[in-house]
$ cat structure_38.cif   # mmCIF, C-alpha atoms
data_run
loop_
_atom_site.label_atom_id
_atom_site.label_comp_id
_atom_site.auth_asym_id
_atom_site.auth_seq_id
_atom_site.Cartn_x
_atom_site.Cartn_y
_atom_site.Cartn_z
CA MET I 1 16.97 -2.61 7.71
CA ASP I 2 14.89 -2.81 10.89
CA ARG I 3 11.12 -3.25 10.92
CA ASP I 4 10.38 0.28 12.10
CA ARG I 5 12.32 1.73 9.19
CA ILE I 6 10.56 -0.61 6.74
CA ALA I 7 7.20 0.41 8.21
CA GLU I 8 8.11 4.08 7.88
CA MET I 9 9.13 3.71 4.25
CA TYR I 10 6.08 1.61 3.44
CA SER I 11 3.88 4.30 4.96
CA ALA I 12 5.65 6.98 2.91
CA TRP I 13 5.77 5.29 -0.50
CA GLY I 14 2.99 2.72 -0.27
CA PRO I 15 0.20 5.12 -1.28
CA ALA I 16 1.95 6.08 -4.55
CA ILE I 17 2.67 2.43 -5.33
CA TYR I 18 -0.89 1.40 -4.53
CA ARG I 19 -2.33 4.15 -6.73
CA ARG I 20 -0.14 3.15 -9.66
CA CYS I 21 -1.06 -0.52 -9.27
CA LEU I 22 -4.74 0.31 -8.94
CA ARG I 23 -4.54 2.42 -12.09
CA LEU I 24 -3.01 -0.39 -14.13
CA LEU I 25 -4.71 -3.43 -12.59
CA ARG I 26 -8.10 -1.88 -11.81
CA ASP I 27 -8.76 -4.40 -9.09
CA GLN I 28 -8.31 -3.66 -5.40
CA GLU I 29 -7.20 -7.14 -4.40
CA ALA I 30 -4.74 -7.42 -7.26
CA ALA I 31 -3.44 -3.92 -6.51
CA ARG I 32 -3.00 -4.80 -2.86
CA ASP I 33 -0.92 -7.88 -3.71
CA ALA I 34 1.06 -6.00 -6.32
CA THR I 35 1.78 -3.16 -3.91
CA GLN I 36 3.51 -5.57 -1.54
CA GLU I 37 5.63 -7.03 -4.31
CA VAL I 38 6.54 -3.66 -5.79
CA PHE I 39 7.48 -2.29 -2.39
CA ARG I 40 9.69 -5.30 -1.72
CA LYS I 41 11.46 -4.72 -5.02
CA ALA I 42 11.76 -0.98 -4.38
CA ILE I 43 13.11 -1.33 -0.89
CA SER I 44 15.92 -3.55 -2.10
CA SER I 45 17.38 -0.25 -3.39
CA PRO I 46 16.74 1.96 -0.35
CA GLY I 47 19.06 4.68 -1.64
CA LYS I 48 16.65 5.40 -4.47
CA LEU I 49 13.86 6.08 -2.00
CA ALA I 50 15.84 8.70 -0.11
CA ASP I 51 15.36 11.52 -2.64
CA PRO I 52 11.82 12.17 -3.91
CA ASP I 53 13.15 13.39 -7.27
CA VAL I 54 14.66 9.95 -7.78
CA ALA I 55 12.05 7.96 -5.88
CA PHE I 56 8.97 8.91 -7.88
CA PRO I 57 10.26 7.86 -11.31
CA PHE I 58 11.86 4.79 -9.73
CA ILE I 59 8.57 3.72 -8.14
CA TYR I 60 6.70 4.50 -11.34
CA ARG I 61 9.09 2.29 -13.31
CA VAL I 62 9.10 -0.65 -10.91
CA ALA I 63 5.33 -0.54 -10.39
CA THR I 64 4.56 -0.17 -14.09
CA ASN I 65 6.80 -3.08 -15.08
CA HIS I 66 5.43 -5.30 -12.33
CA CYS I 67 1.78 -4.54 -13.04
CA LEU I 68 2.14 -4.93 -16.78
CA ASN I 69 3.69 -8.33 -16.13
CA GLU I 70 0.74 -9.19 -13.89
CA ARG I 71 -1.65 -8.14 -16.63
CA ARG I 72 0.20 -10.29 -19.12
CA LYS I 73 0.10 -13.28 -16.77
CA ALA I 74 -3.59 -12.72 -16.16
CA GLY I 75 -4.12 -12.59 -19.91
CA ARG I 76 -2.39 -15.93 -20.30
CA ARG I 77 -4.66 -17.38 -17.65
CA GLU I 78 -7.62 -15.78 -19.45
CA GLU I 79 -8.50 -13.76 -16.39
CA THR I 80 -10.24 -11.07 -18.32
CA GLU I 81 -11.05 -8.89 -15.34
CA LEU I 82 -7.61 -7.33 -15.54
CA LEU I 83 -7.60 -6.76 -19.25
CA GLU I 84 -9.42 -3.46 -19.54
CA LEU I 85 -7.23 -0.45 -18.97
CA ASP I 86 -8.80 2.75 -17.76
CA ILE I 87 -8.91 4.62 -21.05
CA PRO I 88 -11.53 7.39 -21.22
CA SER I 89 -13.53 7.01 -24.43
CA GLY I 90 -14.10 10.75 -24.70
CA HIS I 91 -10.41 11.46 -25.04
CA PRO I 92 -9.34 12.95 -28.41
CA GLU I 93 -6.76 10.22 -28.92
CA PHE I 94 -9.26 7.49 -28.17
CA PRO I 95 -8.87 5.46 -31.40
CA GLN I 96 -5.12 5.32 -30.86
CA ARG I 97 -5.58 4.42 -27.22
CA ARG I 98 -7.85 1.57 -28.17
CA LEU I 99 -4.93 0.11 -30.09
CA VAL I 100 -3.04 -0.04 -26.83
CA GLN I 101 -5.84 -1.94 -25.20
CA ARG I 102 -6.08 -4.54 -27.92
CA VAL I 103 -2.44 -5.33 -28.57
CA LEU I 104 -0.48 -4.39 -25.48
CA SER I 105 0.21 -7.90 -24.28
CA ARG I 106 1.88 -8.84 -27.57
CA PHE I 107 4.90 -6.64 -26.83
CA ASP I 108 7.86 -6.75 -24.46
CA THR I 109 7.61 -5.06 -21.06
CA ARG I 110 9.63 -1.98 -22.01
CA THR I 111 7.56 -1.29 -25.09
CA GLN I 112 4.41 -1.83 -23.04
CA SER I 113 5.63 0.67 -20.45
CA ILE I 114 6.32 3.25 -23.15
CA ALA I 115 2.96 2.72 -24.82
CA VAL I 116 1.10 2.94 -21.52
CA GLY I 117 3.06 6.02 -20.46
CA VAL I 118 2.36 7.95 -23.66
CA LEU I 119 -1.02 6.65 -24.78
CA VAL I 120 -2.72 5.76 -21.51
CA ASP I 121 -1.10 8.06 -18.96
CA GLY I 122 -0.84 10.93 -21.43
CA MET I 123 2.81 11.63 -20.61
CA GLU I 124 5.16 13.56 -22.86
CA HIS I 125 7.90 11.50 -24.49
CA GLU I 126 10.50 13.26 -22.38
CA GLU I 127 8.66 12.46 -19.14
CA VAL I 128 8.35 8.81 -20.10
CA ALA I 129 12.05 8.73 -20.94
CA ASP I 130 12.94 10.21 -17.55
CA ALA I 131 10.61 7.87 -15.68
CA LEU I 132 11.85 4.74 -17.43
CA GLY I 133 15.50 5.77 -17.43
CA ILE I 134 15.88 5.60 -21.22
CA SER I 135 16.51 8.14 -23.96
CA ARG I 136 13.77 10.16 -25.59
CA LYS I 137 14.89 8.75 -28.92
CA THR I 138 14.29 5.22 -27.66
CA VAL I 139 10.80 6.22 -26.54
CA SER I 140 9.97 7.63 -29.98
CA ARG I 141 11.46 4.67 -31.82
CA LYS I 142 9.76 1.97 -29.76
CA LEU I 143 6.46 3.82 -29.76
CA ALA I 144 6.51 4.18 -33.55
CA ARG I 145 7.26 0.48 -33.89
CA PHE I 146 4.50 -0.38 -31.45
CA LEU I 147 1.91 1.69 -33.32
CA GLU I 148 2.97 0.28 -36.67
CA HIS I 149 2.73 -3.30 -35.46
CA ALA I 150 -0.52 -2.54 -33.65
CA ARG I 151 -2.13 -1.20 -36.82
CA LYS I 152 -0.98 -4.23 -38.79
CA TYR I 153 -2.35 -6.47 -36.10
CA LEU I 154 -5.72 -4.75 -36.23
CA GLU I 155 -5.81 -4.88 -40.02
CA ARG I 156 -5.14 -8.61 -39.90
CA SER I 157 -7.81 -9.03 -37.28
CA ALA I 158 -10.32 -7.12 -39.37
CA ALA I 159 -9.53 -9.06 -42.57
CA MET X 1 -5.74 21.17 -23.21
CA SER X 2 -3.03 18.87 -21.92
CA HIS X 3 -3.13 17.79 -18.30
CA PRO X 4 -0.36 16.73 -15.95
CA SER X 5 0.32 13.01 -15.83
CA ASP X 6 -0.31 10.92 -12.71
CA LEU X 7 3.42 11.03 -12.06
CA LYS X 8 3.34 14.83 -11.89
CA LEU X 9 0.20 14.71 -9.75
CA GLU X 10 1.98 12.33 -7.37
CA ARG X 11 4.78 14.86 -6.94
CA HIS X 12 2.19 17.57 -6.45
CA LEU X 13 0.49 15.55 -3.72
CA PHE X 14 3.83 14.92 -2.06
CA ASP X 15 4.81 18.57 -1.84
CA PRO X 16 2.10 21.01 -3.04
CA ALA X 17 4.09 24.02 -1.89
CA ARG X 18 6.90 23.29 -4.36
CA SER X 19 4.70 21.95 -7.12
CA PRO X 20 5.32 23.40 -10.60
CA ILE X 21 1.77 22.44 -11.59
CA ALA X 22 0.01 24.17 -8.68
CA ALA X 23 -1.34 26.98 -10.88
CA HIS X 24 -2.73 24.53 -13.42
CA VAL X 25 -4.33 22.38 -10.73
CA ALA X 26 -5.98 25.40 -9.13
CA ASP X 27 -7.81 26.17 -12.40
CA CYS X 28 -8.48 22.63 -13.60
CA ASP X 29 -11.57 20.76 -12.43
CA ARG X 30 -10.40 17.53 -14.04
CA CYS X 31 -7.03 17.57 -12.27
CA ARG X 32 -8.60 18.46 -8.93
CA ALA X 33 -11.03 15.57 -9.33
CA ARG X 34 -8.14 13.21 -10.13
CA LEU X 35 -6.20 14.50 -7.11
CA SER X 36 -9.22 13.97 -4.92
CA GLU X 37 -9.53 10.40 -6.21
CA MET X 38 -5.81 9.83 -5.59
CA GLU X 39 -6.11 11.15 -2.03
CA LYS X 40 -8.98 8.78 -1.38
CA GLN X 41 -6.95 5.87 -2.74
CA GLY X 42 -4.08 6.92 -0.48
CA GLU X 43 -6.43 6.92 2.47
CA ASP X 44 -7.68 3.47 1.49
CA PHE X 45 -4.06 2.32 1.47
CA ARG X 46 -3.45 3.73 4.95
CA ARG X 47 -6.63 2.35 6.44
CA PHE X 48 -6.92 -1.04 4.79
CA VAL X 49 -3.88 -2.08 2.76
CA TYR X 50 -1.06 -0.91 5.01
CA PRO X 51 -2.24 -2.61 8.21
CA ALA X 52 -3.15 -5.79 6.40
CA THR X 53 0.13 -6.14 4.50
CA LEU X 54 2.82 -4.57 6.67
CA GLU X 55 3.58 -7.78 8.51
CA GLU X 56 3.99 -9.70 5.29
CA VAL X 57 6.21 -7.03 3.75
CA SER X 58 8.44 -6.96 6.82
CA ARG X 59 8.52 -10.69 7.43
CA ARG X 60 9.48 -11.72 3.92
CA ARG X 61 12.51 -9.48 4.04
CA GLY X 62 13.40 -11.00 7.35
CA TRP X 63 13.26 -14.51 5.90
CA ARG X 64 15.53 -13.53 3.05
CA SER X 65 18.09 -12.00 5.32
CA LEU X 66 17.94 -15.06 7.57
CA ARG X 67 18.59 -17.50 4.77
CA LYS X 68 22.31 -17.10 5.19
CA LEU X 69 22.07 -18.10 8.82
CA TRP X 70 21.61 -21.80 8.02
CA LEU X 71 25.29 -22.29 8.77
CA LEU X 72 24.49 -21.60 12.40
CA ALA X 73 22.02 -24.49 12.56
CA PRO X 74 24.26 -26.80 14.65
CA ALA X 75 24.80 -24.07 17.26
CA VAL X 76 21.06 -23.32 17.33
CA GLY X 77 20.33 -26.99 17.89
CA LEU X 78 22.71 -27.14 20.83
CA ALA X 79 21.17 -23.97 22.31
CA ALA X 80 17.70 -25.49 21.97
CA VAL X 81 18.79 -28.58 23.89
CA LEU X 82 20.17 -26.43 26.69
CA LEU X 83 17.02 -24.30 26.81
CA ILE X 84 14.72 -27.32 26.93
CA ALA X 85 16.65 -28.48 29.96
CA ARG X 86 15.87 -25.16 31.66
CA ILE X 87 12.15 -24.80 30.81
CA GLY X 88 9.93 -23.77 33.71
CA PRO X 89 10.52 -21.32 36.52
CA THR X 90 13.27 -21.85 39.04
CA SER X 91 12.48 -22.50 42.69
CA ASP X 92 13.04 -18.81 43.57
CA TYR X 93 10.70 -17.50 40.83
CA ILE X 94 8.07 -14.97 41.92
CA GLY X 95 5.34 -14.50 39.31
CA THR X 96 3.23 -11.44 38.67
CA LYS X 97 -0.37 -11.39 37.57
CA GLY X 98 -2.13 -8.60 35.68
CA PRO X 99 -4.38 -8.04 32.69
CA ALA X 100 -3.64 -10.57 29.93
CA LEU X 101 -3.64 -7.82 27.31
CA THR X 102 -3.17 -4.07 27.58
CA LEU X 103 -3.35 -1.53 24.78
CA THR X 104 -1.70 1.87 24.78
CA ALA X 105 -1.87 4.48 22.02
CA TYR X 106 0.53 7.37 21.49
CA VAL X 107 -0.43 10.48 19.57
CA ALA X 108 2.10 12.50 17.63
CA LEU X 109 1.78 16.15 18.60
CA PRO X 110 4.03 19.11 17.67
CA SER X 111 5.32 18.93 21.24
CA GLY X 112 6.19 15.23 20.83
CA ALA X 113 4.47 11.87 21.32
CA LYS X 114 2.26 11.38 24.35
CA PRO X 115 0.14 8.48 25.61
CA VAL X 116 -3.59 8.71 24.94
CA THR X 117 -6.01 8.33 27.81
CA ASP X 118 -9.34 6.56 27.37
CA GLY X 119 -11.95 8.97 26.01
CA GLU X 120 -9.39 11.68 25.17
CA THR X 121 -10.18 14.25 22.48
CA LEU X 122 -7.64 14.26 19.63
CA PRO X 123 -7.25 16.08 16.31
CA ALA X 124 -9.36 14.20 13.75
CA SER X 125 -6.35 13.66 11.47
CA ALA X 126 -3.85 12.82 14.19
CA SER X 127 -1.35 10.02 13.78
CA LEU X 128 -1.30 7.28 16.37
CA ARG X 129 1.09 4.49 17.25
CA PHE X 130 0.21 1.53 19.43
CA ARG X 131 1.90 -0.56 22.06
CA VAL X 132 0.48 -3.80 23.43
CA ARG X 133 1.57 -5.83 26.40
CA THR X 134 0.64 -9.48 26.70
CA SER X 135 1.29 -11.96 29.45
CA GLN X 136 1.95 -14.68 26.87
CA GLY X 137 2.17 -15.18 23.11
CA CYS X 138 -0.83 -13.69 21.34
CA ALA X 139 -2.18 -13.76 17.79
CA LEU X 140 -3.18 -10.13 18.01
CA THR X 141 -5.84 -8.40 15.96
CA LEU X 142 -6.34 -4.67 16.35
CA LEU X 143 -9.19 -2.89 14.65
CA SER X 144 -11.25 0.23 15.10
CA VAL X 145 -14.94 1.04 14.94
CA ASP X 146 -16.10 4.59 14.29
CA ALA X 147 -19.34 6.42 14.98
CA ALA X 148 -20.91 5.10 11.79
CA GLY X 149 -20.08 1.54 12.78
CA GLN X 150 -17.39 1.25 10.12
CA VAL X 151 -14.76 -1.32 10.99
CA SER X 152 -11.13 -0.76 9.97
CA LYS X 153 -8.54 -3.48 10.25
CA LEU X 154 -5.30 -2.06 11.62
CA TYR X 155 -2.99 -4.89 12.65
CA ALA X 156 -2.93 -8.67 12.65
CA GLN X 157 0.30 -10.19 13.89
CA GLU X 158 1.88 -12.43 16.48
CA VAL X 159 3.09 -10.55 19.54
CA SER X 160 4.63 -11.54 22.82
CA GLY X 161 5.52 -9.41 25.84
CA ASP X 162 5.74 -5.64 25.50
CA VAL X 163 5.59 -4.72 21.81
CA ALA X 164 5.41 -1.43 19.91
CA LEU X 165 3.41 -2.14 16.78
CA PRO X 166 5.24 -1.12 13.61
CA GLY X 167 4.24 1.96 11.67
CA GLY X 168 1.34 4.09 12.66
CA VAL X 169 -2.27 4.87 11.91
CA ARG X 170 -3.54 8.17 10.63
CA LEU X 171 -7.08 9.05 11.68
CA ASP X 172 -9.59 9.64 8.90
CA GLY X 173 -10.28 13.31 9.63
CA ASN X 174 -13.95 12.76 10.47
CA ALA X 175 -15.29 14.07 13.76
CA GLY X 176 -16.77 11.69 16.34
CA PRO X 177 -15.82 8.76 18.51
CA GLU X 178 -13.61 5.90 17.40
CA ARG X 179 -12.78 2.93 19.58
CA PHE X 180 -9.79 0.64 19.09
CA TYR X 181 -10.30 -3.00 20.03
CA ALA X 182 -7.43 -5.43 20.48
CA ALA X 183 -7.92 -9.15 21.10
CA CYS X 184 -5.82 -12.29 21.18
CA GLY X 185 -6.45 -15.48 19.26
CA LEU X 186 -9.76 -14.52 17.77
CA GLY X 187 -8.84 -14.18 14.08
CA TYR X 188 -9.79 -11.21 12.02
CA ASP X 189 -13.05 -12.52 10.56
CA ALA X 190 -14.51 -13.45 13.93
CA MET X 191 -13.31 -10.21 15.43
CA GLU X 192 -14.78 -8.17 12.61
CA GLN X 193 -18.13 -9.87 13.14
CA ALA X 194 -17.96 -9.05 16.83
CA ALA X 195 -17.00 -5.47 15.99
CA ARG X 196 -19.95 -5.11 13.64
CA ARG X 197 -22.22 -6.00 16.54
CA VAL X 198 -20.85 -2.97 18.36
CA GLY X 199 -22.38 -0.85 15.63
CA GLN X 200 -22.65 2.78 16.58
CA SER X 201 -22.36 2.16 20.31
CA VAL X 202 -18.60 2.64 20.44
CA ARG X 203 -18.76 5.05 23.37
CA GLN X 204 -20.64 2.57 25.54
CA LYS X 205 -19.12 -0.78 24.53
CA ASN X 206 -15.62 -1.01 25.92
CA ALA X 207 -15.42 -4.72 25.11
CA LEU X 208 -16.34 -6.77 22.08
CA PRO X 209 -19.44 -8.87 22.70
CA ASP X 210 -19.15 -12.67 22.93
CA VAL X 211 -15.37 -12.70 23.03
CA ASP X 212 -13.90 -14.99 25.68
CA GLY X 213 -10.16 -14.45 25.19
CA PRO X 214 -8.03 -11.52 26.35
CA GLN X 215 -9.08 -8.17 24.93
CA ALA X 216 -8.59 -4.45 25.52
CA SER X 217 -10.03 -1.28 24.06
CA LEU X 218 -9.38 2.44 23.91
CA LEU X 219 -11.84 5.20 23.03
CA ILE X 220 -10.89 8.50 21.42
CA GLU X 221 -13.01 11.48 20.42
CA LYS X 222 -11.93 12.99 17.11
CA GLN X 223 -12.26 16.74 16.78
CA PRO X 224 -11.69 18.58 13.46
#

$ encode --input "structure_38.cif" --output "structure tokens"
Amino acid sequence: MDRDRIAEMYSAWGPAIYRRCLRLLRDQEAARDATQEVFRKAISSPGKLADPDVAFPFIYRVATNHCLNERRKAGRREETELLELDIPSGHPEFPQRRLVQRVLSRFDTRTQSIAVGVLVDGMEHEEVADALGISRKTVSRKLARFLEHARKYLERSAA
Amino acid sequence: MSHPSDLKLERHLFDPARSPIAAHVADCDRCRARLSEMEKQGEDFRRFVYPATLEEVSRRRGWRSLRKLWLLAPAVGLAAVLLIARIGPTSDYIGTKGPALTLTAYVALPSGAKPVTDGETLPASASLRFRVRTSQGCALTLLSVDAAGQVSKLYAQEVSGDVALPGGVRLDGNAGPERFYAACGLGYDAMEQAARRVGQSVRQKNALPDVDGPQASLLIEKQP
């Protein structure tokens, strides 16, 4: 792919990637670096960027997985500036969302993506399933397991 | 009340006319505020992230695709030897001398792209592309300064000869003058400092102060 075409695609899809990374990483520098990496991954499948109906969930999936990995790596390095997700405290599901915040990094990337999609982004199970390319049943099952383990984790922490 | 996810808002931003959530957004302060924030982040990407990272994004792919070319190394070595033997102009060479760096901008209009003349009035949200011409290899930095003295980094890359810079720049939609400064070999930090000294005098200062190397500039007037 020539440079002009890459530049054109970066201009078209970069803003959506950057916004997703900024939302999950909450740091402009980290989001900038992540945007480059996510775009490089995305453009290795240029066919998926040709149709917006396919491109948006594809970008969402690649960016979410990448940024959650970055958060996990930052957690390992004890770089706490990336650890706080943007979860509004006034939201009716706030207690449940706080579980996400506390225990997210203890789960695999797919479960993290599901938990973030439902509990942080406020997406319906079906939308998360479409975006991640998995079944709705898998979303429900993994989310239930995540919440169960998260509650146990918090109970142990409180004891 | 449930609100559309960011993913749905992204699709809405992409094509509002076909958006299934347009009616909700029209009546929802929270969603409009989120859309406004997303638009601002998109603008930040276009003004700051895109120009600063495009070269890296493009170059890395180039390296990967070139990895397989290592088999050609012996042929490249032979070509290098032959070229070294031919360095320097031949006895019948006639050189030309002109400005060491020229900068041309093209604006995308419904009627097609056209070159921008210095001081020309353009739509405040117009899209521009740039071409530079250098007499020799140049570590180019291109930035802009607007009426408020705000500096925006647009490009930083190695160029040589006549080069169309990749991608484009979308103007910020604000009325007033904006001047684009290009310079060779200065480095972004030094150039930004020089640009900050321009301040709000973009109409008057057609060259960055205290810059010795090749440089060029172009003024536009943005009109809403």

$ interface_residues --input "structure_38.cif" --of "chain I" --to "chain X" --cutoff "10 Å" --atoms "all atoms listed in the file" --output "number ranges by chain"
I: 1-20, 22-23, 28-29, 31-33, 35-37, 39-40, 43-44, 52-53, 56-57, 59-60, 117-118, 120-124, 127-128, 131

$ resolve_selection --input "structure_38.cif" --expression "the PyMOL selection byres ((chain X and resi 101-106) around 10)" --output "PyMOL selection string"
chain X and resi 98-100+107-109+112-118+127-136+138+140+142+161-165+168+180-184+213-218+220

$ resolve_selection --input "structure_38.cif" --expression "the PyMOL selection byres ((chain I and resi 111) around 12)" --output "MDAnalysis selection string"
chainID I and resid 64:65 68 100 103:110 112:119 128:129 132 134 138:147 149:150

$ closest_residue --input "structure_38.cif" --among "I:Ala30, I:Ala55, I:Gly47, I:Ala42" --to "Arg71 (chain I)" --atoms "all atoms listed in the file"
I:Ala30

$ resolve_selection --input "structure_38.cif" --expression "the PyMOL selection byres ((chain X and resi 189-198) around 9)" --output "CSV table (one decimal) with C-alpha atoms, keeping the file's coordinate frame"
chain,number,residue,atom,x,y,z
X,141,THR,CA,-5.8,-8.4,16.0
X,142,LEU,CA,-6.3,-4.7,16.4
X,143,LEU,CA,-9.2,-2.9,14.6
X,144,SER,CA,-11.2,0.2,15.1
X,145,VAL,CA,-14.9,1.0,14.9
X,149,GLY,CA,-20.1,1.5,12.8
X,150,GLN,CA,-17.4,1.2,10.1
X,151,VAL,CA,-14.8,-1.3,11.0
X,152,SER,CA,-11.1,-0.8,10.0
X,153,LYS,CA,-8.5,-3.5,10.2
X,181,TYR,CA,-10.3,-3.0,20.0
X,183,ALA,CA,-7.9,-9.2,21.1
X,186,LEU,CA,-9.8,-14.5,17.8
X,187,GLY,CA,-8.8,-14.2,14.1
X,188,TYR,CA,-9.8,-11.2,12.0
X,199,GLY,CA,-22.4,-0.8,15.6
X,200,GLN,CA,-22.6,2.8,16.6
X,201,SER,CA,-22.4,2.2,20.3
X,202,VAL,CA,-18.6,2.6,20.4
X,205,LYS,CA,-19.1,-0.8,24.5
X,207,ALA,CA,-15.4,-4.7,25.1
X,208,LEU,CA,-16.3,-6.8,22.1
X,209,PRO,CA,-19.4,-8.9,22.7
X,210,ASP,CA,-19.2,-12.7,22.9
X,211,VAL,CA,-15.4,-12.7,23.0

$ atom_distance --input "structure_38.cif" --atom1 "CA of Glu178 (chain X)" --atom2 "CA of Pro224 (chain X)"
13.4 Å

$ closest_residue --input "structure_38.cif" --among "X:Arg47, X:Arg203, X:His12, X:Lys222" --to "Asn174 (chain X)" --atoms "all atoms listed in the file"
X:Lys222
